[in-house]
Amino acid sequence: MGFQSAVTWRPLSEQAVMMTLGNRMDPSIQQHVQRVKQLVERNPFPGFVEAVPSYTGLVLFYDPMNVRQQMDVEGSMQDQVRIWVDQLLTTVEDEDDQQPDGRIVEIPVCYGGEYGPDLSYVANYHSCGEDQVIAHHQQGEYLIYMIGFAPGFPFVGGMSEEIATPRRDTPRERVPAGSVGIAGAQTGIYPFATPGGWQLIGQTPLTLFDETKTEPSLLRSGDRIQFVPINEQQFQKLKEVRS
């Protein structure tokens, strides 16, 4: 695989090692991350538990006892995992032809008012109208780089620099579930009511995390999302359907 030479490794604990594929937030690097994630999941090494993607790489979690017993390689357990994955990347020749299994998910958003109390601030910050902020935010497809901070919280790249806005100086003690916010050049969605400092421009009626489901998180890293504007009446109707 063409990016193999750029891979670096760093142990995190006795049960995890970090594999880094780049040094910047970039869609092409994220695509490589997703390819490696799927490759390891389809060809798991002995003791493999989970591969968790980040902006530029993966954290590989494993059962150290299982690794030690079944992988006949000298060195630390992290070295054993690294050697196994490096060999996997070398031997699989057709992986570059495989596209990551990302989906396109539509996220309805009611912008402004009580649903997006910081929309006016973002508009004033950029000396434009609120409708322009909304238009920029709903343009194109966004790539989910990672899920974190809270279960189901997507860190999303691809937002227009035209509306990039710093976080609030003072975080809110409670951000409503479903709130859509901006922090710098990123946008994201709060799955739960939690404290937070992102600039809130809207809210979705969708449930992003449901622990009762087999797959609790609505979104996954590698997915692409499209924000679709809805009005308050549509928001309430969708909210009722999901209640």
# chains A, B, ... in the order shown; residues from 1 in each chain; ligands from 1
$ residues_around --residues "region 176-191 of chain A" --least-positions-apart "5" --cutoff "9 Å" --atoms "only C-alpha atoms" --output "PyMOL selection string"
chain A and resi 109+111+115-116+118+122+137+142+150-161+163-168+196-209
$ select_by_dssp --residues "region 36-231 of chain A" --states "strand (DSSP E)" --output "PyMOL selection string"
chain A and resi 48-53+57-62+104-111+142-147+154-157+172-175+179-183+186-189+194-196+199-203+224-229
$ atom_distance --atom1 "CA of Gln87 (chain A)" --atom2 "CA of Tyr55 (chain A)"
23.4 Å
$ closest_atom_pairs --of "region 101-203 of chain A" --to "region 218-242 of chain A" --cutoff "8 Å" --atoms "only C-alpha atoms" --output "CSV"
residue,atom,partner,partner_atom,distance
A:Asp101,CA,A:Gly222,CA,7.5
A:Gly102,CA,A:Asp223,CA,4.3
A:Arg103,CA,A:Asp223,CA,4.7
A:Ile104,CA,A:Arg224,CA,4.7
A:Val105,CA,A:Ile225,CA,4.7
A:Glu106,CA,A:Gln226,CA,4.8
A:Ile107,CA,A:Phe227,CA,4.8
A:Pro108,CA,A:Val228,CA,4.6
A:Val109,CA,A:Pro229,CA,5.0
A:Cys110,CA,A:Ile230,CA,5.0
A:Tyr111,CA,A:Pro229,CA,7.0
A:His137,CA,A:Phe227,CA,7.4
A:Gln138,CA,A:Phe227,CA,5.0
A:Gln139,CA,A:Phe227,CA,7.7
A:Gly140,CA,A:Gln226,CA,6.7
A:Glu141,CA,A:Gln226,CA,5.1
A:Tyr142,CA,A:Ile225,CA,5.1
A:Leu143,CA,A:Arg224,CA,4.6
A:Ile144,CA,A:Ser221,CA,5.0
A:Tyr145,CA,A:Ser221,CA,5.3
A:Met146,CA,A:Ser221,CA,4.8
A:Ile147,CA,A:Ser221,CA,6.2
A:Gly152,CA,A:Leu219,CA,6.7
A:Pro154,CA,A:Leu219,CA,7.1
$ closest_residue --among "A:Gly112, A:Pro216, A:Pro53, A:Pro11" --to "Lys37 (chain A)" --atoms "only C-alpha atoms"
A:Pro53
$ select_by_dssp --residues "region 94-238 of chain A" --states "helix (DSSP H, G or I)" --output "PyMOL selection string"
chain A and resi 95-97+119-125+130-137+161-163+232-238
$ closest_residue --among "A:Gln78, A:Thr91, A:Gln38, A:Ser54" --to "Gly22 (chain A)" --atoms "only C-alpha atoms"
A:Ser54
